[in-house]
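Below: my_file_18.cif (mmCIF, C-alpha atoms and all ligand atoms)
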```cif
data_input
loop_
_atom_site.label_atom_id
_atom_site.label_comp_id
_atom_site.auth_asym_id
_atom_site.auth_seq_id
_atom_site.Cartn_x
_atom_site.Cartn_y
_atom_site.Cartn_z
CA MET A 1 0.00 0.00 0.00
CA THR A 2 1.34 3.42 -0.97
CA CYS A 3 0.81 6.67 0.91
CA VAL A 4 -1.82 7.72 -1.66
CA GLU A 5 -3.65 4.42 -1.30
CA LEU A 6 -3.55 4.62 2.46
CA GLN A 7 -5.00 8.09 2.43
CA GLN A 8 -7.82 7.04 0.14
CA SER A 9 -8.51 3.98 2.23
CA LEU A 10 -9.10 6.17 5.29
CA ALA A 11 -12.45 7.20 3.82
CA GLU A 12 -13.65 3.60 4.14
CA ILE A 13 -11.83 2.55 7.33
CA GLU A 14 -11.32 5.81 9.12
CA ASP A 15 -9.41 4.54 12.13
CA GLY A 16 -6.72 2.87 10.01
CA SER A 17 -7.39 -0.54 11.55
CA GLY A 18 -7.42 -2.48 8.27
CA ALA A 19 -4.64 -5.07 7.88
CA GLU A 20 -3.03 -3.33 4.90
CA GLN A 21 -3.41 0.04 6.55
CA ARG A 22 -1.67 -1.15 9.68
CA ALA A 23 1.19 -2.62 7.68
CA HIS A 24 1.74 0.75 5.96
CA LEU A 25 1.35 2.82 9.12
CA GLU A 26 4.02 0.77 10.91
CA THR A 27 6.57 1.87 8.33
CA CYS A 28 5.38 5.40 7.49
CA PRO A 29 5.53 8.13 10.17
CA THR A 30 4.00 10.70 7.77
CA CYS A 31 0.80 8.72 7.33
CA LEU A 32 0.74 7.86 11.02
CA ALA A 33 0.89 11.58 11.84
CA LEU A 34 -1.83 12.30 9.30
CA LEU A 35 -4.08 9.69 10.90
CA ALA A 36 -3.47 11.15 14.36
CA GLU A 37 -4.38 14.62 13.12
CA LEU A 38 -7.58 13.44 11.46
CA ASN A 39 -8.55 11.66 14.67
CA LEU A 40 -7.83 14.80 16.65
CA ILE A 41 -10.08 16.84 14.36
CA ALA A 42 -12.86 14.27 14.65
CA SER A 43 -12.70 14.14 18.44
CA SER A 44 -12.45 17.92 18.82
CA ALA A 45 -15.55 18.39 16.67
CA ARG A 46 -17.78 17.06 19.44
CA ASP A 47 -17.01 20.19 21.50
CA LEU A 48 -18.78 22.28 18.88
CA SER A 49 -22.18 20.67 19.41
CA GLU A 50 -23.14 23.15 22.13
CA ALA A 51 -20.58 25.83 21.47
CA ASN A 52 -22.94 28.74 20.85
CA GLU A 53 -25.71 30.48 22.74
CA PRO A 54 -28.59 31.97 20.75
CA SER A 55 -29.52 35.58 21.44
CA PRO A 56 -32.57 36.22 23.68
CA ARG A 57 -34.35 37.40 20.54
CA VAL A 58 -34.91 33.76 19.58
CA TRP A 59 -36.89 32.82 22.70
CA ASN A 60 -38.80 36.10 22.60
CA SER A 61 -39.96 35.41 19.07
CA ILE A 62 -40.85 31.82 19.92
CA GLU A 63 -42.88 32.91 22.94
CA ILE A 64 -44.82 35.48 20.96
CA VAL A 65 -45.76 32.90 18.34
CA LEU A 66 -46.70 30.33 21.01
CA ARG A 67 -49.02 32.86 22.64
CA THR A 68 -50.49 34.02 19.34
CA GLU A 69 -51.21 30.45 18.33
CA GLY A 70 -52.67 29.65 21.75
CA LEU A 71 -50.07 26.99 22.58
CA ILE A 72 -49.26 28.93 25.74
CA ARG A 73 -52.45 29.34 27.77
CA PRO A 74 -53.04 31.35 30.92
CA PRO A 75 -52.90 29.26 34.10
CA ARG A 76 -56.22 28.07 35.43
CA ALA A 77 -55.33 28.05 39.11
CA ASP A 78 -55.86 31.83 39.48
CA ARG A 79 -59.50 31.68 38.55
CA PRO A 80 -62.31 31.50 41.07
CA HIS A 81 -63.33 27.91 41.34
CA PRO A 82 -67.02 27.28 40.75
CA ALA A 83 -67.32 24.89 43.70
CA SER A 84 -65.83 27.26 46.23
CA PHE A 85 -67.79 30.11 44.69
CA ALA A 86 -71.03 28.23 45.18
CA ALA A 87 -70.07 27.24 48.70
CA ARG A 88 -69.35 30.85 49.62
CA TRP A 89 -72.80 31.82 48.50
CA GLY A 90 -74.34 29.01 50.43
CA PHE A 91 -75.45 27.01 47.41
CA ALA A 92 -75.57 23.26 47.58
CA ARG A 93 -77.68 22.76 44.50
CA TRP A 94 -78.62 25.00 41.67
CA MET A 95 -81.27 25.08 39.07
CA VAL A 96 -81.28 22.27 36.53
CA PRO A 97 -83.24 24.17 33.83
CA ALA A 98 -80.63 26.95 33.81
CA ALA A 99 -77.88 24.37 33.49
CA ALA A 100 -79.60 22.75 30.52
CA ALA A 101 -79.98 26.10 28.76
CA LEU A 102 -76.33 26.89 29.34
CA LEU A 103 -75.18 23.54 28.04
CA ILE A 104 -76.91 24.34 24.76
CA LEU A 105 -75.40 27.81 24.70
CA VAL A 106 -71.89 26.52 25.30
CA GLY A 107 -72.41 23.78 22.75
CA ILE A 108 -73.28 26.34 20.09
CA TYR A 109 -70.36 28.53 21.06
CA VAL A 110 -67.84 25.71 20.93
CA ARG A 111 -69.16 24.46 17.60
CA GLN A 112 -68.94 27.90 16.02
CA HIS A 113 -65.39 28.38 17.18
CA SER A 114 -64.20 24.93 16.22
CA LEU A 115 -64.61 26.08 12.65
CA ALA A 116 -62.92 29.41 13.07
CA SER A 117 -59.27 29.82 12.14
CA PRO A 118 -56.78 31.08 14.76
CA GLU A 119 -56.45 34.38 12.88
CA ASN A 120 -60.16 35.05 13.13
CA MET A 121 -60.21 34.13 16.78
CA ALA A 122 -57.58 36.70 17.64
CA THR A 123 -59.87 39.46 16.45
CA ILE A 124 -62.95 38.52 18.49
CA PRO A 125 -63.83 41.62 20.53
CA ALA A 126 -63.48 41.39 24.29
CA GLN A 127 -67.13 42.31 24.92
CA GLN A 128 -68.44 39.31 23.10
CA PRO A 129 -68.78 37.05 26.16
CA LEU A 130 -71.10 39.62 27.69
CA GLN A 131 -73.17 39.85 24.51
CA ASP A 132 -73.48 36.07 24.41
CA ALA A 133 -74.50 36.03 28.02
CA ALA A 134 -77.04 38.75 27.40
CA ALA A 135 -78.48 36.71 24.56
CA ALA A 136 -78.99 33.87 27.00
CA GLY A 137 -80.91 36.14 29.37
CA LEU A 138 -77.91 36.89 31.54
CA ASN A 139 -78.00 40.67 31.21
CA ASP A 140 -75.78 42.40 33.74
CA ASP A 141 -78.06 45.47 34.10
CA GLU A 142 -81.09 43.33 34.75
CA LEU A 143 -79.26 41.56 37.50
CA LEU A 144 -78.23 44.81 39.16
CA GLN A 145 -81.80 46.15 38.90
CA GLU A 146 -83.03 42.97 40.49
CA VAL A 147 -80.85 43.58 43.55
CA ALA A 148 -81.42 47.37 43.66
CA ASP A 149 -83.63 47.06 46.73
CA LYS A 150 -81.00 45.12 48.70
CA THR A 151 -78.48 46.76 51.06
CA PRO A 152 -75.54 48.60 49.44
CA ALA A 153 -73.17 45.96 50.84
CA THR A 154 -75.15 43.17 49.16
CA GLN A 155 -75.30 45.14 45.91
CA ALA A 156 -71.55 45.62 46.00
CA GLN A 157 -71.15 41.91 46.59
CA TYR A 158 -73.28 41.13 43.56
CA GLN A 159 -71.30 43.58 41.43
CA ASP A 160 -68.05 42.06 42.56
CA HIS A 161 -69.17 38.53 41.81
CA LEU A 162 -70.65 39.58 38.50
CA ARG A 163 -67.34 41.11 37.47
CA ARG A 164 -65.44 37.99 38.44
CA ALA A 165 -67.91 35.74 36.68
CA ASN A 166 -67.50 37.80 33.51
CA GLU A 167 -63.72 37.61 33.78
CA TYR A 168 -63.93 33.89 34.28
CA ILE A 169 -66.12 33.51 31.20
CA GLN A 170 -63.70 35.60 29.19
CA ASP A 171 -60.69 33.57 30.27
CA ALA A 172 -62.43 30.31 29.59
CA LYS A 173 -63.54 31.52 26.18
CA GLN A 174 -60.00 32.43 25.20
CA ASP A 175 -58.92 28.93 26.12
CA VAL A 176 -61.63 27.38 23.98
CA GLN A 177 -60.65 29.68 21.13
CA ALA A 178 -57.04 28.65 21.52
CA ASP A 179 -57.88 24.98 21.32
CA PRO A 180 -61.49 24.09 20.52
CA ASN A 181 -60.72 20.44 21.21
CA ASP A 182 -59.47 21.08 24.72
CA GLU A 183 -61.94 19.24 26.96
CA GLU A 184 -60.83 21.06 30.06
CA ALA A 185 -61.28 24.45 28.42
CA ARG A 186 -64.82 23.56 27.34
CA ARG A 187 -65.68 22.39 30.83
CA SER A 188 -64.24 25.61 32.27
CA LEU A 189 -66.35 27.67 29.92
CA MET A 190 -69.48 25.82 30.90
CA GLU A 191 -68.70 26.22 34.58
CA ALA A 192 -68.10 29.91 34.02
CA TYR A 193 -71.59 30.31 32.53
CA GLN A 194 -73.04 28.23 35.31
CA GLN A 195 -71.39 30.51 37.80
CA LYS A 196 -73.00 33.54 36.25
CA ALA A 197 -76.36 31.81 36.00
CA MET A 198 -76.19 31.11 39.71
CA LEU A 199 -75.91 34.81 40.39
CA PHE A 200 -79.12 35.44 38.46
CA ASP A 201 -80.89 32.62 40.19
CA MET A 202 -79.94 34.04 43.54
CA ALA A 203 -80.83 37.60 42.65
CA MET A 204 -84.27 36.51 41.52
CA ASP A 205 -84.71 34.26 44.52
CA ARG A 206 -85.59 31.44 42.21
CA SER A 207 -83.23 28.94 43.72
CA LEU A 208 -83.72 29.85 47.33
CA PRO A 209 -85.72 27.39 49.36
CA MET B 1 -27.35 8.35 17.04
CA THR B 2 -26.43 8.64 20.67
CA ASP B 3 -27.06 11.85 22.48
CA PRO B 4 -23.71 12.98 23.82
CA LYS B 5 -24.80 15.31 26.58
CA PRO B 6 -28.39 15.02 27.69
CA ARG B 7 -29.22 18.06 29.76
CA GLN B 8 -31.55 18.08 32.70
CA SER B 9 -32.68 21.11 34.60
CA LYS B 10 -32.27 20.81 38.33
CA ASP B 11 -35.82 21.84 39.07
CA VAL B 12 -37.99 20.21 36.43
CA SER B 13 -37.29 16.99 34.59
CA GLU B 14 -37.66 16.97 30.85
CA ALA B 15 -40.59 14.56 31.06
CA GLN B 16 -42.42 16.83 33.51
CA ALA B 17 -41.75 19.86 31.34
CA ILE B 18 -43.13 18.05 28.28
CA GLU B 19 -46.34 17.15 30.12
CA ARG B 20 -46.75 20.70 31.40
CA ALA B 21 -46.05 22.17 27.98
CA LYS B 22 -48.84 20.01 26.60
CA GLN B 23 -51.14 21.81 29.06
CA GLY B 24 -50.00 25.17 27.69
CA ASP B 25 -47.65 26.09 30.53
CA ALA B 26 -45.40 28.97 29.38
CA GLU B 27 -42.64 28.15 31.85
CA ALA B 28 -42.49 24.54 30.71
CA PHE B 29 -41.91 25.63 27.11
CA GLN B 30 -39.08 27.84 28.26
CA VAL B 31 -37.53 25.04 30.33
CA LEU B 32 -37.50 22.80 27.26
CA TYR B 33 -36.09 25.61 25.16
CA ASP B 34 -33.32 26.31 27.68
CA MET B 35 -32.41 22.62 27.87
CA HIS B 36 -31.84 22.35 24.13
CA LYS B 37 -31.22 25.85 22.78
CA ARG B 38 -27.43 25.60 22.62
CA ARG B 39 -27.46 22.29 20.83
CA VAL B 40 -30.07 23.32 18.28
CA TYR B 41 -28.66 26.78 17.68
CA SER B 42 -25.08 25.51 17.38
CA LEU B 43 -26.21 22.96 14.82
CA CYS B 44 -27.92 25.67 12.78
CA LEU B 45 -24.91 27.94 13.05
CA ARG B 46 -22.42 25.23 12.05
CA MET B 47 -24.51 24.30 9.02
CA THR B 48 -25.20 27.83 7.78
CA ALA B 49 -22.17 29.75 9.10
CA ASN B 50 -24.52 32.72 9.49
CA THR B 51 -25.89 34.03 12.79
CA ALA B 52 -29.09 35.57 11.50
CA GLU B 53 -30.00 32.49 9.48
CA ALA B 54 -29.11 30.23 12.39
CA GLU B 55 -31.40 32.18 14.74
CA ASP B 56 -34.31 31.99 12.31
CA LEU B 57 -33.77 28.28 11.79
CA ALA B 58 -33.48 27.53 15.51
CA GLN B 59 -36.73 29.44 16.05
CA GLU B 60 -38.41 27.48 13.28
CA ALA B 61 -37.16 24.15 14.64
CA PHE B 62 -38.48 24.85 18.15
CA LEU B 63 -41.80 26.10 16.83
CA GLN B 64 -42.28 22.99 14.72
CA LEU B 65 -41.46 20.90 17.77
CA PHE B 66 -43.78 22.78 20.13
CA ARG B 67 -46.66 22.63 17.69
CA LYS B 68 -46.34 18.85 17.65
CA ILE B 69 -45.60 18.40 21.33
CA GLY B 70 -49.12 17.15 21.97
CA THR B 71 -48.32 14.11 19.83
CA PHE B 72 -45.09 13.27 21.68
CA ARG B 73 -45.58 9.98 23.53
CA GLY B 74 -42.02 9.39 24.69
CA GLU B 75 -41.43 6.34 22.48
CA SER B 76 -38.20 7.97 21.30
CA ALA B 77 -35.93 10.33 23.18
CA PHE B 78 -37.19 13.89 23.05
CA SER B 79 -33.74 15.25 22.23
CA THR B 80 -33.29 12.78 19.37
CA TRP B 81 -36.63 13.89 17.98
CA LEU B 82 -35.75 17.57 18.30
CA HIS B 83 -32.31 17.26 16.75
CA ARG B 84 -33.53 15.24 13.81
CA LEU B 85 -36.25 17.82 13.25
CA SER B 86 -33.69 20.63 13.46
CA VAL B 87 -31.47 18.91 10.90
CA ASN B 88 -34.43 18.64 8.55
CA VAL B 89 -35.28 22.31 9.00
CA VAL B 90 -31.70 23.30 8.16
CA LEU B 91 -31.41 20.97 5.18
CA MET B 92 -34.71 22.23 3.80
CA HIS B 93 -33.39 25.77 4.12
CA LEU B 94 -30.11 24.95 2.38
CA ARG B 95 -31.96 23.26 -0.46
CA LYS B 96 -34.26 26.26 -0.84
CA LYS B 97 -31.22 28.48 -1.11
CA GLY B 98 -29.89 26.19 -3.81
CA LEU B 99 -26.83 25.25 -1.80
CA PRO B 100 -25.40 21.77 -2.25
CA VAL B 101 -26.36 19.76 0.81
CA VAL B 102 -23.86 17.19 -0.26
CA SER B 103 -21.20 17.60 -2.91
CA LEU B 104 -22.17 16.01 -6.21
CA GLU B 105 -18.75 14.82 -7.30
CA GLU B 106 -18.50 11.08 -7.83
CA THR B 107 -16.98 8.91 -5.16
CA THR B 108 -14.98 6.44 -7.25
CA GLN B 109 -11.52 6.07 -5.89
CA GLY B 110 -8.50 7.22 -7.78
CA SER B 111 -10.44 9.73 -9.84
CA GLY B 112 -7.42 11.97 -9.45
CA GLY B 113 -9.28 15.09 -8.36
CA GLU B 114 -7.34 17.76 -6.55
CA GLU B 115 -8.87 16.76 -3.23
CA ASP B 116 -7.82 13.14 -3.68
CA THR B 117 -4.14 13.94 -3.98
CA PRO B 118 -2.35 13.72 -0.68
CA LYS B 119 -0.86 17.04 0.19
CA LYS B 120 2.87 17.15 0.29
CA ASP B 121 2.35 18.58 3.77
CA PHE B 122 3.42 22.12 3.08
CA GLY B 123 5.85 23.01 5.79
CA ALA B 124 4.43 19.78 7.14
CA GLU B 125 5.86 18.70 10.41
CA ASP B 126 6.66 22.22 11.64
CA VAL B 127 2.93 22.96 12.03
CA ALA B 128 1.72 19.57 13.21
CA LEU B 129 -1.69 19.56 14.87
CA ALA B 130 -0.47 18.15 18.11
CA GLY B 131 -2.12 18.45 21.49
CA SER B 132 -5.54 20.04 21.32
CA ILE B 133 -7.32 22.10 18.71
CA ASP B 134 -8.58 25.50 19.74
CA ARG B 135 -12.38 25.49 19.61
CA LEU B 136 -12.63 28.91 17.99
CA GLN B 137 -10.10 27.93 15.32
CA LEU B 138 -12.01 24.77 14.58
CA ARG B 139 -15.27 26.72 14.34
CA ARG B 140 -13.74 29.11 11.84
CA ALA B 141 -12.31 26.28 9.83
CA VAL B 142 -15.67 24.48 9.71
CA GLU B 143 -17.32 27.71 8.58
CA SER B 144 -14.94 28.01 5.67
CA LEU B 145 -15.56 24.46 4.44
CA PRO B 146 -17.52 24.19 1.19
CA PRO B 147 -21.21 23.68 2.13
CA GLY B 148 -21.36 20.11 0.79
CA TYR B 149 -18.45 18.94 2.95
CA ARG B 150 -19.70 20.94 5.89
CA THR B 151 -23.05 19.16 6.08
CA ILE B 152 -21.56 15.69 6.36
CA PHE B 153 -18.82 16.77 8.75
CA VAL B 154 -21.28 18.49 11.09
CA LEU B 155 -23.74 15.60 11.02
CA HIS B 156 -21.08 12.95 11.61
CA ASP B 157 -18.32 14.44 13.71
CA VAL B 158 -20.21 17.19 15.55
CA GLU B 159 -23.68 15.68 15.92
CA GLY B 160 -22.67 12.04 16.06
CA TYR B 161 -24.87 10.58 13.32
CA GLU B 162 -23.70 7.34 11.66
CA HIS B 163 -23.08 7.16 7.92
CA ASN B 164 -26.21 5.09 7.30
CA GLU B 165 -28.31 7.68 9.17
CA ILE B 166 -26.70 10.51 7.21
CA ALA B 167 -27.37 8.69 3.94
CA THR B 168 -31.07 8.54 4.88
CA ILE B 169 -31.31 12.11 6.16
CA VAL B 170 -29.39 13.73 3.32
CA GLY B 171 -30.39 11.37 0.55
CA CYS B 172 -26.95 10.22 -0.57
CA SER B 173 -25.15 6.89 -0.60
CA ILE B 174 -23.24 5.63 2.43
CA GLY B 175 -20.09 5.62 0.32
CA ASN B 176 -20.67 9.24 -0.61
CA SER B 177 -21.12 10.16 3.04
CA LYS B 178 -17.86 8.42 3.99
CA SER B 179 -15.93 9.99 1.15
CA GLN B 180 -17.25 13.49 1.89
CA LEU B 181 -16.41 13.13 5.55
CA HIS B 182 -12.85 12.11 4.78
CA LYS B 183 -12.41 15.00 2.38
CA ALA B 184 -13.91 17.39 4.91
CA ARG B 185 -11.46 16.27 7.59
CA MET B 186 -8.54 16.58 5.17
CA LYS B 187 -9.67 20.05 4.20
CA LEU B 188 -10.06 21.05 7.84
CA ARG B 189 -6.56 19.80 8.54
CA ASP B 190 -5.23 22.07 5.80
CA LEU B 191 -7.25 25.02 7.09
CA LEU B 192 -6.14 24.51 10.68
CA LYS B 193 -2.51 24.22 9.64
CA MET B 194 -2.81 27.41 7.65
CA GLN B 195 -4.33 29.16 10.65
CA ARG B 196 -1.48 27.94 12.83
CA ALA B 197 1.13 28.98 10.31
CA GLU B 198 -0.43 32.46 10.06
CA LYS B 199 -0.56 32.75 13.80
CA ALA B 200 3.10 31.69 14.10
CA GLU B 201 4.08 34.30 11.51
CA LYS B 202 2.32 37.10 13.36
CA SER B 203 3.90 36.35 16.72
ZN ZN A 301 2.56 6.76 4.07
#
```

Encoded form using structure tokens:
Amino acid sequence: MTCVELQQSLAEIEDGSGAEQRAHLETCPTCLALLAELNLIASSARDLSEANEPSPRVWNSIEIVLRTEGLIRPPRADRPHPASFAARWGFARWMVPAAAALLILVGIYVRQHSLASPENMATIPAQQPLQDAAAAGLNDDELLQEVADKTPATQAQYQDHLRRANEYIQDAKQDVQADPNDEEARRSLMEAYQQKAMLFDMAMDRSLP
Amino acid sequence: MTDPKPRQSKDVSEAQAIERAKQGDAEAFQVLYDMHKRRVYSLCLRMTANTAEAEDLAQEAFLQLFRKIGTFRGESAFSTWLHRLSVNVVLMHLRKKGLPVVSLEETTQGSGGEEDTPKKDFGAEDVALAGSIDRLQLRRAVESLPPGYRTIFVLHDVEGYEHNEIATIVGCSIGNSKSQLHKARMKLRDLLKMQRAEKAEKS
């Protein structure tokens, strides 16, 4: 084997362990040095696999896209929980007819938005949850009129809970918009409507024993 | 391919972060990004030799991954999945730019091309690559490789893919992959020796 042949053979057997290769390398310091240098290059290359840090710009851009596409969703833990909400208001049960109506409402909402593209969803105005609720007979003004004869403290309590119920609906809706197939988001949205319906039931004394 | 340095955050395991990311947890996405950003970005930078392009490609690779994270079931290593995806993103980009992903020259031995001729080791032994190779010098040398050689060298020697994997990923023969790798290493050796010679002249 000549030096030229050895060098070409290194493409096939890169560590020079072939019988003919070894025979040549034993007698040729030049080729032996060449092999050592190629090995050194190969082993040094591994250090380059994590050699560079991307600029913060990269994560920032990724995060913006993730939020725009709804892959990052706001945490659910911060929201008022329907169970504790009901407990605070002293409700063990609530009206079944209202629940049935809301199920239909949520069903329609989810179906409509399953068909919408993410771009369209981003442009849905913030007031829409309130309009939907109004369409279902959950008009905020009517509720406040209903409790107008109660004490100011009670009225304030109603206002406060109404505001939180609306926020909860809005949050839940955004989640459903982000991923119409998200079971948990759908359930949250339904619970949010139920929460608001409870307020109306209470204000109108319909659910009180 | 074996993953040389799997990274684990002290606080959250990768598996936990994946599950939380599936739930839409912003922090979990960032944990996954931080675990793998250097590896993915370095790959993109090695392959393109261009910071702006590498940043765009790293962003694209992570986005593609995160969009599919809901389908990840853990049957293969997450990092293997991500790196393979990143390689595909880069190769797609190179092809779009019309750059040769792998050099087209034929691989028959003894074709007598310039690259096949053993160098008479210009100044040879006085600038031997003994000891260790400076990482920055090696980076520069890799950047100045012709794109076709660079792809194979980065995939094999930097990323640790085997020739049969490279043949599949790149769409070339195993023989072609081996031959390109050898030529890339020979070329790098020349480049590194030139760098050393220049450095020696300056000092
Ligand atoms: Zn020799």

Could the residues of chain A that have an atom at most 7 Å from chain B be listed as a tab-separated table, each with its closest atom pair and the distance in Å to one decimal, counting only C-alpha atoms and ordered by chain and ascending residue number?
```
residue	atom	partner	partner_atom	distance
A:Val4	CA	B:Pro118	CA	6.1
A:Gln7	CA	B:Pro118	CA	7.0
A:Ala11	CA	B:His182	CA	5.0
A:Glu12	CA	B:Lys178	CA	6.4
A:Glu37	CA	B:Leu129	CA	5.9
A:Leu38	CA	B:Arg185	CA	6.2
A:Ile41	CA	B:Arg185	CA	6.9
A:Ala42	CA	B:Asp157	CA	5.5
A:Ser44	CA	B:Ile133	CA	6.6
A:Ala45	CA	B:Val158	CA	4.9
A:Arg46	CA	B:Val158	CA	4.6
A:Leu48	CA	B:Val158	CA	6.2
A:Ser49	CA	B:Val158	CA	5.6
A:Glu50	CA	B:Arg39	CA	4.6
A:Ala51	CA	B:Ser42	CA	6.1
A:Asn52	CA	B:Ser42	CA	5.2
A:Glu53	CA	B:Arg38	CA	5.2
A:Pro54	CA	B:Tyr41	CA	6.0
A:Val58	CA	B:Gln59	CA	5.9
A:Ile62	CA	B:Gln59	CA	6.1
A:Leu71	CA	B:Gly24	CA	5.4
A:Ile72	CA	B:Gly24	CA	4.3
A:Arg73	CA	B:Gly24	CA	4.8
```

Would you export the selected residues with C-alpha atoms as a compact mmCIF listing (two decimals), keeping the file's coordinate frame, please?
```
# COMPACT_ATOMS: atom_id res chain seq x y z
CA VAL A 4 -1.82 7.72 -1.66
CA GLN A 7 -5.00 8.09 2.43
CA ALA A 11 -12.45 7.20 3.82
CA GLU A 12 -13.65 3.60 4.14
CA GLU A 37 -4.38 14.62 13.12
CA LEU A 38 -7.58 13.44 11.46
CA ILE A 41 -10.08 16.84 14.36
CA ALA A 42 -12.86 14.27 14.65
CA SER A 44 -12.45 17.92 18.82
CA ALA A 45 -15.55 18.39 16.67
CA ARG A 46 -17.78 17.06 19.44
CA LEU A 48 -18.78 22.28 18.88
CA SER A 49 -22.18 20.67 19.41
CA GLU A 50 -23.14 23.15 22.13
CA ALA A 51 -20.58 25.83 21.47
CA ASN A 52 -22.94 28.74 20.85
CA GLU A 53 -25.71 30.48 22.74
CA PRO A 54 -28.59 31.97 20.75
CA VAL A 58 -34.91 33.76 19.58
CA ILE A 62 -40.85 31.82 19.92
CA LEU A 71 -50.07 26.99 22.58
CA ILE A 72 -49.26 28.93 25.74
CA ARG A 73 -52.45 29.34 27.77
```

Between atom CA of A:Ala178 and atom CA of A:Gly70, what is the distance, to one decimal in Å? 4.5 Å

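Residues in contact with ligand ZN 301 (chain A) comprise Thr2, Cys3, Leu6, His24, Leu25, Cys28, Pro29, Thr30 and Cys31 of chain A, where contact means an atom-to-atom distance of at most 7 Å counting all atoms listed in the file.
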
Can you spit out the residues from that selection as a CSV table (one decimal), in the frame of the given file, using C-alpha atoms?
```csv
chain,number,residue,atom,x,y,z
A,2,THR,CA,1.3,3.4,-1.0
A,3,CYS,CA,0.8,6.7,0.9
A,6,LEU,CA,-3.6,4.6,2.5
A,24,HIS,CA,1.7,0.8,6.0
A,25,LEU,CA,1.4,2.8,9.1
A,28,CYS,CA,5.4,5.4,7.5
A,29,PRO,CA,5.5,8.1,10.2
A,30,THR,CA,4.0,10.7,7.8
A,31,CYS,CA,0.8,8.7,7.3
```

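Proximity of B:Val101, B:Ala141, B:Leu191, B:Met92 to B:Ile166, computed with all atoms listed in the file, is greatest for B:Val101.
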
Please identify all polymer residues within 12 Å of B:Val170, counting all atoms listed in the file, omitting same-chain residues fewer than 3 positions from it, and present them as a PDB file with C-alpha atoms, in the coordinates of the input.
```pdb
ATOM      1  CA  ARG B  84     -33.530  15.240  13.810  1.00  0.00           C
ATOM      2  CA  VAL B  87     -31.470  18.910  10.900  1.00  0.00           C
ATOM      3  CA  ASN B  88     -34.430  18.640   8.550  1.00  0.00           C
ATOM      4  CA  VAL B  89     -35.280  22.310   9.000  1.00  0.00           C
ATOM      5  CA  VAL B  90     -31.700  23.300   8.160  1.00  0.00           C
ATOM      6  CA  LEU B  91     -31.410  20.970   5.180  1.00  0.00           C
ATOM      7  CA  MET B  92     -34.710  22.230   3.800  1.00  0.00           C
ATOM      8  CA  LEU B  94     -30.110  24.950   2.380  1.00  0.00           C
ATOM      9  CA  ARG B  95     -31.960  23.260  -0.460  1.00  0.00           C
ATOM     10  CA  PRO B 100     -25.400  21.770  -2.250  1.00  0.00           C
ATOM     11  CA  VAL B 101     -26.360  19.760   0.810  1.00  0.00           C
ATOM     12  CA  VAL B 102     -23.860  17.190  -0.260  1.00  0.00           C
ATOM     13  CA  SER B 103     -21.200  17.600  -2.910  1.00  0.00           C
ATOM     14  CA  GLY B 148     -21.360  20.110   0.790  1.00  0.00           C
ATOM     15  CA  THR B 151     -23.050  19.160   6.080  1.00  0.00           C
ATOM     16  CA  ILE B 152     -21.560  15.690   6.360  1.00  0.00           C
ATOM     17  CA  LEU B 155     -23.740  15.600  11.020  1.00  0.00           C
ATOM     18  CA  HIS B 156     -21.080  12.950  11.610  1.00  0.00           C
ATOM     19  CA  TYR B 161     -24.870  10.580  13.320  1.00  0.00           C
ATOM     20  CA  GLU B 162     -23.700   7.340  11.660  1.00  0.00           C
ATOM     21  CA  HIS B 163     -23.080   7.160   7.920  1.00  0.00           C
ATOM     22  CA  ASN B 164     -26.210   5.090   7.300  1.00  0.00           C
ATOM     23  CA  GLU B 165     -28.310   7.680   9.170  1.00  0.00           C
ATOM     24  CA  ILE B 166     -26.700  10.510   7.210  1.00  0.00           C
ATOM     25  CA  ALA B 167     -27.370   8.690   3.940  1.00  0.00           C
ATOM     26  CA  SER B 173     -25.150   6.890  -0.600  1.00  0.00           C
ATOM     27  CA  ILE B 174     -23.240   5.630   2.430  1.00  0.00           C
ATOM     28  CA  ASN B 176     -20.670   9.240  -0.610  1.00  0.00           C
ATOM     29  CA  SER B 177     -21.120  10.160   3.040  1.00  0.00           C
TER      30      SER B 177
END
```

What does the distance between atom CA of A:Tyr193 and atom CA of A:Asp149 come to in Å, to one decimal place? 25.0 Å

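Distances from A:Glu14, A:Pro74, A:Gln145, A:Gln155 to A:Asp171 were compared using all atoms listed in the file, and the smallest one belongs to A:Pro74.
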
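Our summary of the geometry notes that atom CA of B:Arg140 is positioned 28.2 Å from atom CA of B:Trp81.
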
Among the residues B:Ser86, B:Gln137, B:Asn50, B:Ser79, the one that comes closest to B:Ala15 [using only C-alpha atoms]: B:Ser79

Rank A:Gln8, A:Met198, A:Ala33, A:Arg67 by their smallest atom-to-atom distance to A:Leu138, using all atoms listed in the file, and report the top residue only. A:Met198

Taking all atoms of stretch 19-28 of chain A that the file lists and extending 4 Å past them on each side, where is the centre of the axis-aligned box and how long are its edges? Answer in Å to one decimal, as lines of an AutoDock Vina configuration file.
```
center_x = 1.0
center_y = 0.2
center_z = 7.9
size_x = 19.2
size_y = 18.5
size_z = 14.0
```
